[in-house]
$ cat protein-v3.cif   # mmCIF, C-alpha atoms and all ligand atoms
data_model
#
loop_
_atom_site.label_atom_id
_atom_site.label_comp_id
_atom_site.auth_asym_id
_atom_site.auth_seq_id
_atom_site.Cartn_x
_atom_site.Cartn_y
_atom_site.Cartn_z
CA MET Q 24 -70.75 43.18 105.32
CA THR Q 25 -67.63 43.19 107.42
CA LEU Q 26 -66.55 40.11 109.24
CA SER Q 27 -67.21 41.69 112.61
CA LYS Q 28 -70.68 42.71 111.52
CA ARG Q 29 -71.35 39.20 110.37
CA ILE Q 30 -70.15 37.81 113.65
CA ARG Q 31 -72.30 40.28 115.53
CA GLN Q 32 -75.27 39.37 113.43
CA GLN Q 33 -74.68 35.68 114.01
CA VAL Q 34 -74.36 36.23 117.72
CA ILE Q 35 -77.61 38.15 117.75
CA ILE Q 36 -79.36 35.44 115.77
CA ALA Q 37 -77.91 32.81 118.10
CA LEU Q 38 -79.05 34.73 121.15
CA ILE Q 39 -82.54 35.15 119.80
CA ALA Q 40 -82.75 31.49 118.90
CA GLY Q 41 -81.25 30.51 122.22
CA THR Q 42 -83.63 32.66 124.15
CA ALA Q 43 -86.54 31.10 122.39
CA LEU Q 44 -85.35 27.63 123.30
CA GLY Q 45 -84.14 28.28 126.79
CA CYS Q 46 -84.46 25.50 129.28
CA LEU Q 47 -86.30 22.57 127.84
CA PHE Q 48 -86.21 18.93 127.11
CA GLY Q 49 -87.28 16.27 124.64
CA GLY Q 50 -87.84 12.80 125.97
CA ILE Q 51 -87.26 11.25 122.59
CA VAL Q 52 -83.60 12.06 122.94
CA ILE Q 53 -83.17 9.46 125.61
CA THR Q 54 -84.07 6.83 123.04
CA ALA Q 55 -81.48 8.13 120.62
CA MET Q 56 -78.77 8.09 123.24
CA VAL Q 57 -79.56 4.50 124.03
CA VAL Q 58 -79.08 3.65 120.37
CA GLN Q 59 -75.58 5.06 120.21
CA PRO Q 60 -73.78 2.22 121.97
CA ILE Q 61 -75.02 -0.20 119.31
CA VAL Q 62 -73.49 1.89 116.56
CA VAL Q 63 -70.18 2.23 118.26
CA ALA Q 64 -70.06 -1.42 119.22
CA ALA Q 65 -70.46 -2.31 115.56
CA LEU Q 66 -67.42 -0.38 114.50
CA PRO Q 67 -64.48 -2.59 113.55
CA LYS Q 68 -61.68 -2.86 116.01
CA SER Q 69 -58.42 -1.90 114.42
CA PRO Q 70 -55.63 -4.40 114.95
CA THR Q 71 -52.98 -1.76 114.40
CA PRO Q 72 -51.25 -0.94 117.67
CA THR Q 73 -50.50 2.61 116.67
CA PHE Q 74 -52.29 4.26 119.52
CA THR Q 75 -50.30 6.03 122.12
CA ALA Q 76 -52.47 7.49 124.78
CA THR Q 77 -50.39 10.56 125.21
CA ARG Q 78 -51.65 13.81 123.82
CA LEU Q 79 -50.56 14.68 120.33
CA ALA Q 80 -49.14 18.11 120.73
CA THR Q 81 -49.63 19.17 117.15
CA ILE Q 82 -53.35 18.61 117.03
CA THR Q 83 -55.59 21.34 118.24
CA LEU Q 84 -59.29 20.97 118.62
CA ALA Q 85 -61.36 23.82 117.42
CA PRO Q 86 -64.85 22.93 118.60
CA THR Q 87 -66.52 25.58 116.56
CA ARG Q 88 -70.09 25.20 115.50
CA ALA Q 89 -68.92 24.64 111.96
CA ALA Q 90 -66.64 21.85 112.98
CA THR Q 91 -68.82 20.03 115.44
CA LEU Q 92 -72.36 20.80 114.42
CA THR Q 93 -72.42 19.51 110.91
CA SER Q 94 -75.19 17.13 111.87
CA THR Q 95 -77.14 18.98 114.46
CA PRO Q 96 -80.51 17.29 114.51
CA PHE Q 97 -81.46 16.79 118.11
CA PRO Q 98 -81.79 14.09 119.30
CA PRO Q 99 -78.30 13.04 118.26
CA THR Q 100 -78.57 10.67 115.38
CA GLN Q 101 -76.54 7.74 114.24
CA THR Q 102 -74.79 10.09 111.86
CA ARG Q 103 -72.73 11.48 114.64
CA ALA Q 104 -71.73 8.11 115.96
CA ALA Q 105 -70.91 6.87 112.48
CA THR Q 106 -68.38 9.63 111.98
CA PHE Q 107 -66.23 8.22 114.72
CA VAL Q 108 -62.91 6.87 113.60
CA PRO Q 109 -62.95 3.13 114.19
CA ALA Q 110 -62.03 2.66 117.80
CA THR Q 111 -58.74 1.19 118.82
CA PRO Q 112 -59.30 -0.30 122.22
CA ILE Q 113 -56.83 0.72 124.83
CA THR Q 114 -57.55 -2.13 127.16
CA THR Q 115 -55.68 -5.41 127.06
CA THR Q 116 -58.78 -7.55 126.86
CA ALA Q 117 -59.65 -10.35 124.45
CA ASN Q 118 -60.41 -7.96 121.62
CA THR Q 119 -56.91 -6.57 121.60
CA PRO Q 120 -54.97 -8.70 119.13
CA THR Q 121 -51.50 -7.57 120.12
CA PRO Q 122 -49.88 -7.31 123.53
CA THR Q 123 -48.03 -4.11 122.70
CA ARG Q 124 -50.92 -1.70 123.11
CA THR Q 125 -50.24 1.19 125.38
CA PRO Q 126 -52.65 1.22 128.32
CA ALA Q 127 -54.67 4.29 129.14
CA PRO Q 128 -52.46 6.44 131.28
CA THR Q 129 -53.19 7.07 134.89
CA ARG Q 130 -52.14 10.52 135.95
CA THR Q 131 -51.07 11.19 139.46
CA PRO Q 132 -54.34 11.77 141.25
CA ARG Q 133 -54.75 15.11 142.94
CA PRO Q 134 -57.11 15.79 145.81
CA VAL Q 135 -60.64 16.10 144.52
CA VAL Q 136 -62.73 18.60 146.40
CA GLN Q 137 -65.89 17.01 147.79
CA HIS Q 138 -68.88 19.19 148.61
CA PHE Q 139 -72.03 17.17 148.24
CA LEU Q 140 -74.19 19.49 150.30
CA VAL Q 141 -77.60 18.75 148.78
CA GLY Q 142 -79.87 15.81 148.05
CA ARG Q 143 -82.35 15.44 145.19
CA PRO Q 144 -85.14 17.86 144.35
CA VAL Q 145 -87.56 14.93 144.02
CA ALA Q 146 -88.27 11.90 146.21
CA LEU Q 147 -86.09 8.87 145.59
CA ASN Q 148 -89.16 6.95 144.39
CA ALA Q 149 -89.90 9.54 141.71
CA GLN Q 150 -89.76 8.51 138.07
CA ALA Q 151 -86.47 10.28 137.34
CA ILE Q 152 -84.08 10.83 140.23
CA THR Q 153 -80.95 11.50 138.20
CA PRO Q 154 -80.29 14.35 135.74
CA ALA Q 155 -81.40 13.90 132.14
CA LEU Q 156 -78.30 13.11 130.08
CA PHE Q 157 -79.29 14.94 126.92
CA TYR Q 158 -79.04 18.38 128.48
CA LEU Q 159 -76.58 18.31 131.33
CA TYR Q 160 -75.15 21.43 132.91
CA GLY Q 161 -73.05 23.49 130.52
CA THR Q 162 -74.21 21.55 127.44
CA THR Q 163 -76.20 22.77 124.45
CA GLY Q 164 -77.92 19.72 123.00
CA LEU Q 165 -75.18 19.74 120.36
CA GLY Q 166 -75.82 23.37 119.67
CA ASP Q 167 -79.60 23.37 119.49
CA TYR Q 168 -80.17 24.98 122.87
CA ASP Q 169 -78.78 27.63 125.14
CA VAL Q 170 -75.95 26.60 127.37
CA HIS Q 171 -77.74 24.94 130.25
CA HIS Q 172 -77.33 26.39 133.72
CA GLY Q 173 -78.82 23.50 135.67
CA GLU Q 174 -79.98 19.90 135.44
CA GLU Q 175 -83.35 18.55 134.31
CA PHE Q 176 -85.26 15.98 136.34
CA VAL Q 177 -87.94 14.87 133.93
CA ASN Q 178 -91.00 13.77 135.86
CA PRO Q 179 -94.74 14.02 135.32
CA GLY Q 180 -96.53 17.24 136.13
CA GLY Q 181 -97.67 17.27 139.75
CA THR Q 182 -94.65 15.34 141.03
CA SER Q 183 -93.75 16.71 144.46
CA LEU Q 184 -90.63 18.84 144.85
CA PHE Q 185 -88.71 18.79 148.10
CA ALA Q 186 -86.05 20.88 149.77
CA ALA Q 187 -82.70 19.34 148.82
CA ALA Q 188 -81.13 20.73 152.00
CA ASP Q 189 -81.99 22.74 155.10
CA GLY Q 190 -82.34 26.43 154.33
CA THR Q 191 -84.46 29.52 153.91
CA VAL Q 192 -86.73 30.34 151.00
CA VAL Q 193 -85.30 33.52 149.47
CA THR Q 194 -87.23 33.56 146.18
CA ALA Q 195 -90.73 32.28 145.41
CA GLY Q 196 -92.95 33.43 142.56
CA ASN Q 197 -93.11 33.80 138.80
CA ASP Q 198 -90.09 35.28 137.07
CA SER Q 199 -92.05 37.09 134.39
CA GLN Q 200 -91.07 39.88 136.80
CA PRO Q 201 -87.59 40.20 138.35
CA LEU Q 202 -87.55 38.55 141.76
CA CYS Q 203 -84.08 37.07 142.32
CA GLY Q 204 -81.01 38.75 143.82
CA ASP Q 205 -80.63 40.02 147.35
CA ASN Q 206 -83.21 42.74 146.84
CA GLY Q 207 -85.58 40.52 144.88
CA LYS Q 208 -85.21 42.68 141.79
CA ALA Q 209 -82.74 40.78 139.66
CA VAL Q 210 -83.86 38.61 136.76
CA CYS Q 211 -83.80 34.94 137.67
CA GLY Q 212 -82.86 33.50 134.30
CA ARG Q 213 -82.57 34.98 130.85
CA ASP Q 214 -83.96 38.46 130.65
CA LEU Q 215 -87.24 38.02 128.81
CA SER Q 216 -90.00 40.52 128.27
CA PRO Q 217 -92.58 40.71 131.06
CA SER Q 218 -95.24 39.36 128.71
CA SER Q 219 -93.21 36.22 128.02
CA GLY Q 220 -94.45 34.29 131.04
CA GLY Q 221 -90.96 34.20 132.43
CA PHE Q 222 -87.94 32.02 131.83
CA TYR Q 223 -88.13 29.68 134.80
CA GLY Q 224 -91.83 30.44 135.28
CA ASN Q 225 -92.88 29.60 138.82
CA LEU Q 226 -89.72 29.08 140.80
CA VAL Q 227 -88.36 28.71 144.29
CA VAL Q 228 -84.83 29.45 145.49
CA ILE Q 229 -83.56 28.17 148.82
CA GLN Q 230 -80.50 29.60 150.50
CA LEU Q 231 -78.82 26.71 152.25
CA THR Q 232 -78.21 27.02 155.98
CA GLN Q 233 -74.73 25.68 155.28
CA THR Q 234 -72.23 27.92 153.53
CA TYR Q 235 -69.23 26.78 151.50
CA ASN Q 236 -65.86 28.49 151.96
CA GLY Q 237 -67.75 31.46 153.37
CA GLN Q 238 -69.99 31.69 150.32
CA ARG Q 239 -73.74 31.31 150.27
CA VAL Q 240 -75.13 28.31 148.39
CA PHE Q 241 -78.51 28.45 146.65
CA ALA Q 242 -80.73 25.78 145.12
CA LEU Q 243 -83.23 26.86 142.44
CA TYR Q 244 -86.31 24.94 141.27
CA GLY Q 245 -87.77 26.12 137.96
CA HIS Q 246 -90.92 25.51 135.86
CA MET Q 247 -93.10 24.61 138.85
CA SER Q 248 -96.88 24.26 138.52
CA ARG Q 249 -97.57 25.01 142.18
CA ILE Q 250 -95.53 26.72 144.88
CA ALA Q 251 -96.16 25.62 148.46
CA VAL Q 252 -93.76 27.97 150.29
CA ALA Q 253 -93.21 31.71 150.65
CA VAL Q 254 -90.15 33.93 150.98
CA GLY Q 255 -88.79 33.75 154.52
CA ASP Q 256 -89.96 30.20 155.21
CA GLN Q 257 -87.43 27.99 156.96
CA VAL Q 258 -87.29 24.54 155.41
CA LYS Q 259 -85.70 21.26 156.38
CA GLN Q 260 -84.34 18.84 153.83
CA GLY Q 261 -87.31 16.86 152.52
CA ASP Q 262 -89.93 19.56 153.16
CA LEU Q 263 -92.46 20.04 150.38
CA LEU Q 264 -91.78 23.08 148.16
CA GLY Q 265 -94.41 22.56 145.47
CA GLU Q 266 -94.97 20.54 142.32
CA ILE Q 267 -93.36 19.96 138.95
CA GLY Q 268 -94.90 21.78 136.01
CA MET Q 269 -93.86 23.39 132.75
CA SER Q 270 -94.25 27.09 133.45
CA GLY Q 271 -91.81 29.47 131.78
CA VAL Q 272 -89.77 28.21 128.84
CA ALA Q 273 -90.28 24.44 128.95
CA LEU Q 274 -91.40 21.93 126.37
CA GLY Q 275 -92.71 19.46 128.91
CA PRO Q 276 -93.07 18.91 132.64
CA HIS Q 277 -89.77 18.74 134.49
CA VAL Q 278 -87.91 20.57 137.19
CA HIS Q 279 -84.89 22.65 136.29
CA PHE Q 280 -82.62 22.27 139.31
CA GLU Q 281 -79.83 24.79 139.66
CA ILE Q 282 -77.06 25.45 142.18
CA ARG Q 283 -75.80 29.00 142.66
CA LEU Q 284 -72.75 29.97 144.66
CA GLY Q 285 -72.20 33.33 146.34
CA VAL Q 286 -74.96 35.26 144.58
CA ASN Q 287 -78.56 34.34 143.76
CA ASP Q 288 -78.45 35.16 140.08
CA TYR Q 289 -78.06 33.54 136.67
CA ALA Q 290 -74.36 34.39 136.37
CA HIS Q 291 -73.30 32.44 139.47
CA THR Q 292 -74.35 28.89 138.73
CA ARG Q 293 -72.33 25.73 139.33
CA ASN Q 294 -72.77 22.18 138.11
CA PRO Q 295 -75.30 20.51 140.44
CA ILE Q 296 -73.58 17.17 139.85
CA LEU Q 297 -70.71 18.47 141.99
CA TRP Q 298 -73.12 19.39 144.79
CA MET Q 299 -75.72 16.58 144.85
CA LYS Q 300 -74.84 13.58 146.96
CA PRO Q 301 -74.62 10.63 144.52
CA LEU Q 302 -77.27 7.93 144.74
CA ALA Q 303 -76.51 4.90 146.90
CA GLY Q 304 -73.64 2.83 145.56
CA ARG Q 305 -72.78 5.47 143.02
CA GLY Q 306 -70.30 8.27 142.51
CA ALA Q 307 -69.65 10.92 139.89
CA ILE Q 308 -66.88 11.98 137.54
CA ALA Q 309 -65.87 15.54 136.87
CA GLY Q 310 -63.26 16.31 134.27
CA ARG Q 311 -61.35 18.96 132.44
CA PHE Q 312 -60.43 18.95 128.76
CA SER Q 313 -58.10 21.73 127.77
CA ASP Q 314 -55.69 22.72 125.05
CA SER Q 315 -51.91 22.80 125.30
CA LYS Q 316 -52.11 26.19 126.99
CA GLY Q 317 -54.53 24.90 129.60
CA THR Q 318 -57.53 26.75 128.20
CA PRO Q 319 -60.74 24.71 128.51
CA ILE Q 320 -62.03 23.52 125.15
CA ARG Q 321 -65.68 24.25 124.54
CA GLY Q 322 -68.25 21.97 122.99
CA ALA Q 323 -66.04 18.90 122.61
CA ILE Q 324 -67.67 15.48 122.77
CA VAL Q 325 -66.60 13.38 125.75
CA ASN Q 326 -67.26 9.64 125.49
CA LEU Q 327 -67.74 7.45 128.53
CA TYR Q 328 -66.90 3.73 128.42
CA ARG Q 329 -67.08 0.97 130.95
CA ALA Q 330 -63.76 -0.65 131.85
CA ASP Q 331 -64.54 -3.48 129.40
CA ASP Q 332 -64.66 -0.90 126.59
CA THR Q 333 -68.44 -0.83 126.30
CA PHE Q 334 -69.56 2.60 125.16
CA MET Q 335 -72.07 4.20 127.53
CA TYR Q 336 -72.88 7.70 126.30
CA SER Q 337 -71.44 11.04 125.25
CA ILE Q 338 -71.68 14.51 126.73
CA GLU Q 339 -70.36 17.91 125.66
CA THR Q 340 -67.80 20.00 127.44
CA TYR Q 341 -69.19 23.27 128.77
CA GLY Q 342 -70.82 25.50 126.32
CA ARG Q 343 -70.03 27.26 123.17
CA ASP Q 344 -71.90 30.43 124.06
CA ARG Q 345 -69.83 32.97 125.89
CA TRP Q 346 -72.71 34.74 127.51
CA PRO Q 347 -73.78 34.12 130.09
CA GLU Q 348 -70.93 31.95 131.22
CA VAL Q 349 -71.38 28.77 133.14
CA ASP Q 350 -68.83 28.51 135.87
CA SER Q 351 -66.41 25.78 136.78
CA ASP Q 352 -65.71 24.86 140.36
CA GLU Q 353 -62.89 27.06 141.65
CA ALA Q 354 -60.92 24.09 142.94
CA LEU Q 355 -61.61 21.68 140.08
CA GLY Q 356 -61.75 23.81 136.96
CA GLU Q 357 -63.91 21.10 135.37
CA ASN Q 358 -65.72 21.46 132.08
CA PHE Q 359 -67.76 18.28 132.10
CA ALA Q 360 -69.30 15.91 134.65
CA PHE Q 361 -71.01 12.52 134.59
CA PRO Q 362 -73.67 11.91 137.29
CA ASP Q 363 -74.57 8.84 139.34
CA LEU Q 364 -72.20 6.19 138.03
CA ALA Q 365 -72.03 2.79 139.71
CA ALA Q 366 -68.79 2.41 141.65
CA ALA Q 367 -66.41 0.83 139.12
CA ASP Q 368 -63.62 1.66 136.69
CA TYR Q 369 -64.37 3.68 133.55
CA ILE Q 370 -62.55 5.09 130.54
CA VAL Q 371 -63.13 8.64 129.36
CA ARG Q 372 -62.18 9.33 125.74
CA ILE Q 373 -62.17 12.38 123.52
CA ASN Q 374 -61.48 12.17 119.80
CA ASN Q 375 -61.41 8.42 120.20
CA GLN Q 376 -57.86 7.57 121.13
CA GLN Q 377 -56.29 10.99 121.02
CA PHE Q 378 -57.19 11.60 124.65
CA ALA Q 379 -58.03 8.78 127.03
CA GLN Q 380 -57.93 8.32 130.77
CA ARG Q 381 -58.98 5.59 133.13
CA VAL Q 382 -60.85 6.67 136.21
CA THR Q 383 -62.18 4.84 139.23
CA VAL Q 384 -65.56 5.83 140.64
CA GLN Q 385 -66.08 5.23 144.33
CA ASP Q 386 -69.32 5.04 146.28
CA GLY Q 387 -70.39 8.51 147.36
CA LYS Q 388 -67.32 10.22 145.91
CA LEU Q 389 -66.46 12.60 143.12
CA SER Q 390 -63.59 11.46 140.90
CA PHE Q 391 -61.66 13.72 138.58
CA VAL Q 392 -60.14 13.11 135.18
CA GLU Q 393 -57.95 15.48 133.21
CA LEU Q 394 -57.43 15.27 129.45
CA GLY Q 395 -55.23 17.36 127.24
CA GLY Q 396 -53.60 20.32 128.91
CA PRO Q 397 -50.01 21.54 128.92
ZN ZN X 401 -83.19 23.35 132.62
#

$ encode --input "protein-v3.cif" --output "structure tokens" --more "lines below"
Ligand SMILES: [Zn+2]
Amino acid sequence: MTLSKRIRQQVIIALIAGTALGCLFGGIVITAMVVQPIVVAALPKSPTPTFTATRLATITLAPTRAATLTSTPFPPTQTRAATFVPATPITTTANTPTPTRTPAPTRTPRPVVQHFLVGRPVALNAQAITPALFYLYGTTGLGDYDVHHGEEFVNPGGTSLFAAADGTVVTAGNDSQPLCGDNGKAVCGRDLSPSSGGFYGNLVVIQLTQTYNGQRVFALYGHMSRIAVAVGDQVKQGDLLGEIGMSGVALGPHVHFEIRLGVNDYAHTRNPILWMKPLAGRGAIAGRFSDSKGTPIRGAIVNLYRADDTFMYSIETYGRDRWPEVDSDEALGENFAFPDLAAADYIVRINNQQFAQRVTVQDGKLSFVELGGP
């Protein structure tokens, strides 16, 4: 078998597996992610002040499946956390034994585009009003799932879904048949066979009344149990659209919430974290991790810490799969984003100390952090 044949075969296998998994969730993962901080906190702090927070030009990250998915059970296990190199804190707090440590660098901030045009797809008293962390936009569940094109709000079946902004219903129905696109004949998600029950199942797409830079903005709600609107309906933010279910490819009740820009199809999604107004008192971080040529690095693990060096959680940079792409914001070029963070200072680290940046989160604002790069 030639190498290219093997690659093709692996891609086909990956696509088949990915298609089978699709958009889903596993609540048990949340528990595992909560466990991670304990593991990291137990790691010894190195007293050696060898860390310089500048990028090491000779090291290249190759986030291939082979390199990063050696322990792929999902939820993430302690194995992954235990493989971390013992952390060398970059703060000058009590646990830093020498005063010579180089602080995390602060790059010259550049204007961060702000376009929080939508609210939440569920009421603010719903069980989960922020995206599930185990399967954020562009991530793969450490390789177990397809690259995700939206965010999951994991709530019980029957939870009401509301218009996240004023707009017009442009798609409503079950996507076992094509019904997206301007003529209602494009597939809405992955192209599954008509007998599959669809990918997003019962779904609604709203075209926002507001455009962005002359482009149409769409909000998609997937896996619904009941649809309460029809194509052509005008809706105001907060109007009832239907209820959460698990139709289509879903392991449990949740809403898959997706933002599309320009075109109502699966190839034009954007990270909803960049479009959803943060919760009260909170902001969000978007970031870009790239190699020395400026090319975004796929599938790297990005670690978020509080300013006091307490580990919070990890996410992946946008996905390993090359089809279909998830898209970065044109102005930001981000390849990861953290939602709904309390206004405060944070540290974002990749490869422990190899890349580290401090970032301040402000109430209602999107902050940006850049790691690596030319
Ligand atoms: Zn989803």

$ residues_near_point --input "protein-v3.cif" --point "(-83.8, 27.9, 130.1)" --cutoff "12 Å" --atoms "all atoms listed in the file" --output "ChimeraX atom specification"
/Q:40-48,158,160-163,168-175,198,211-215,221-224,244-246,269-274,277-281,289,347

$ atom_distance --input "protein-v3.cif" --atom1 "CA of Arg293 (chain Q)" --atom2 "atom ZN of ligand ZN 401 (chain X)"
13.0 Å

$ residues_around --input "protein-v3.cif" --residues "His291 (chain Q)" --least-positions-apart "3" --cutoff "12 Å" --atoms "all atoms listed in the file" --output "list of chain:residue names"
Q:His172, Q:Gly173, Q:Gly204, Q:Cys211, Q:Gly212, Q:Gln238, Q:Arg239, Q:Val240, Q:Phe241, Q:Ala242, Q:Leu243, Q:Glu281, Q:Ile282, Q:Arg283, Q:Leu284, Q:Gly285, Q:Val286, Q:Asn287, Q:Asp288, Q:Asn294, Q:Pro347, Q:Glu348, Q:Val349, Q:Asp350, Q:Ser351, Q:Asp352, Q:Glu353

$ atom_distance --input "protein-v3.cif" --atom1 "CA of Pro201 (chain Q)" --atom2 "CA of Leu297 (chain Q)"
27.8 Å

$ closest_residue --input "protein-v3.cif" --among "Q:Gly342, Q:Ala354, Q:Asn326, Q:Ile370" --to "Asn236 (chain Q)" --atoms "all atoms listed in the file"
Q:Ala354

$ closest_residue --input "protein-v3.cif" --among "Q:Gly387, Q:Gly304, Q:Gly396, Q:Gly181" --to "Gly268 (chain Q)" --atoms "all atoms listed in the file"
Q:Gly181

$ closest_residue --input "protein-v3.cif" --among "Q:Leu147, Q:Leu364, Q:Leu231, Q:Met247" --to "ligand ZN 401 (chain X)" --atoms "only C-alpha atoms and all ligand atoms"
Q:Met247

$ residues_around --input "protein-v3.cif" --residues "Ala253 (chain Q)" --least-positions-apart "5" --cutoff "8 Å" --atoms "all atoms listed in the file" --output "short mmCIF file (atom, residue, chain, number, x, y, z; two decimals) with C-alpha atoms, keeping the file's coordinate frame"
data_model
loop_
_atom_site.label_atom_id
_atom_site.label_comp_id
_atom_site.auth_asym_id
_atom_site.auth_seq_id
_atom_site.Cartn_x
_atom_site.Cartn_y
_atom_site.Cartn_z
CA VAL Q 192 -86.73 30.34 151.00
CA THR Q 194 -87.23 33.56 146.18
CA ALA Q 195 -90.73 32.28 145.41
#

$ residues_around --input "protein-v3.cif" --residues "Thr383 (chain Q)" --least-positions-apart "6" --cutoff "7 Å" --atoms "only C-alpha atoms" --output "short mmCIF file (atom, residue, chain, number, x, y, z; two decimals) with C-alpha atoms, in the coordinates of the input"
data_model
loop_
_atom_site.label_atom_id
_atom_site.label_comp_id
_atom_site.auth_asym_id
_atom_site.auth_seq_id
_atom_site.Cartn_x
_atom_site.Cartn_y
_atom_site.Cartn_z
CA ALA Q 367 -66.41 0.83 139.12
CA ASP Q 368 -63.62 1.66 136.69
CA TYR Q 369 -64.37 3.68 133.55
CA SER Q 390 -63.59 11.46 140.90
#

$ residues_around --input "protein-v3.cif" --residues "region 143-145 of chain Q" --least-positions-apart "5" --cutoff "8 Å" --atoms "all atoms listed in the file" --output "PDB file with C-alpha atoms, in the coordinates of the input"
ATOM      1  CA  ILE Q 152     -84.080  10.830 140.230  1.00  0.00           C
ATOM      2  CA  THR Q 182     -94.650  15.340 141.030  1.00  0.00           C
ATOM      3  CA  SER Q 183     -93.750  16.710 144.460  1.00  0.00           C
ATOM      4  CA  LEU Q 184     -90.630  18.840 144.850  1.00  0.00           C
ATOM      5  CA  PHE Q 185     -88.710  18.790 148.100  1.00  0.00           C
ATOM      6  CA  ALA Q 186     -86.050  20.880 149.770  1.00  0.00           C
ATOM      7  CA  ALA Q 187     -82.700  19.340 148.820  1.00  0.00           C
ATOM      8  CA  TYR Q 244     -86.310  24.940 141.270  1.00  0.00           C
ATOM      9  CA  PHE Q 280     -82.620  22.270 139.310  1.00  0.00           C
ATOM     10  CA  MET Q 299     -75.720  16.580 144.850  1.00  0.00           C
ATOM     11  CA  LYS Q 300     -74.840  13.580 146.960  1.00  0.00           C
TER      12      LYS Q 300
END
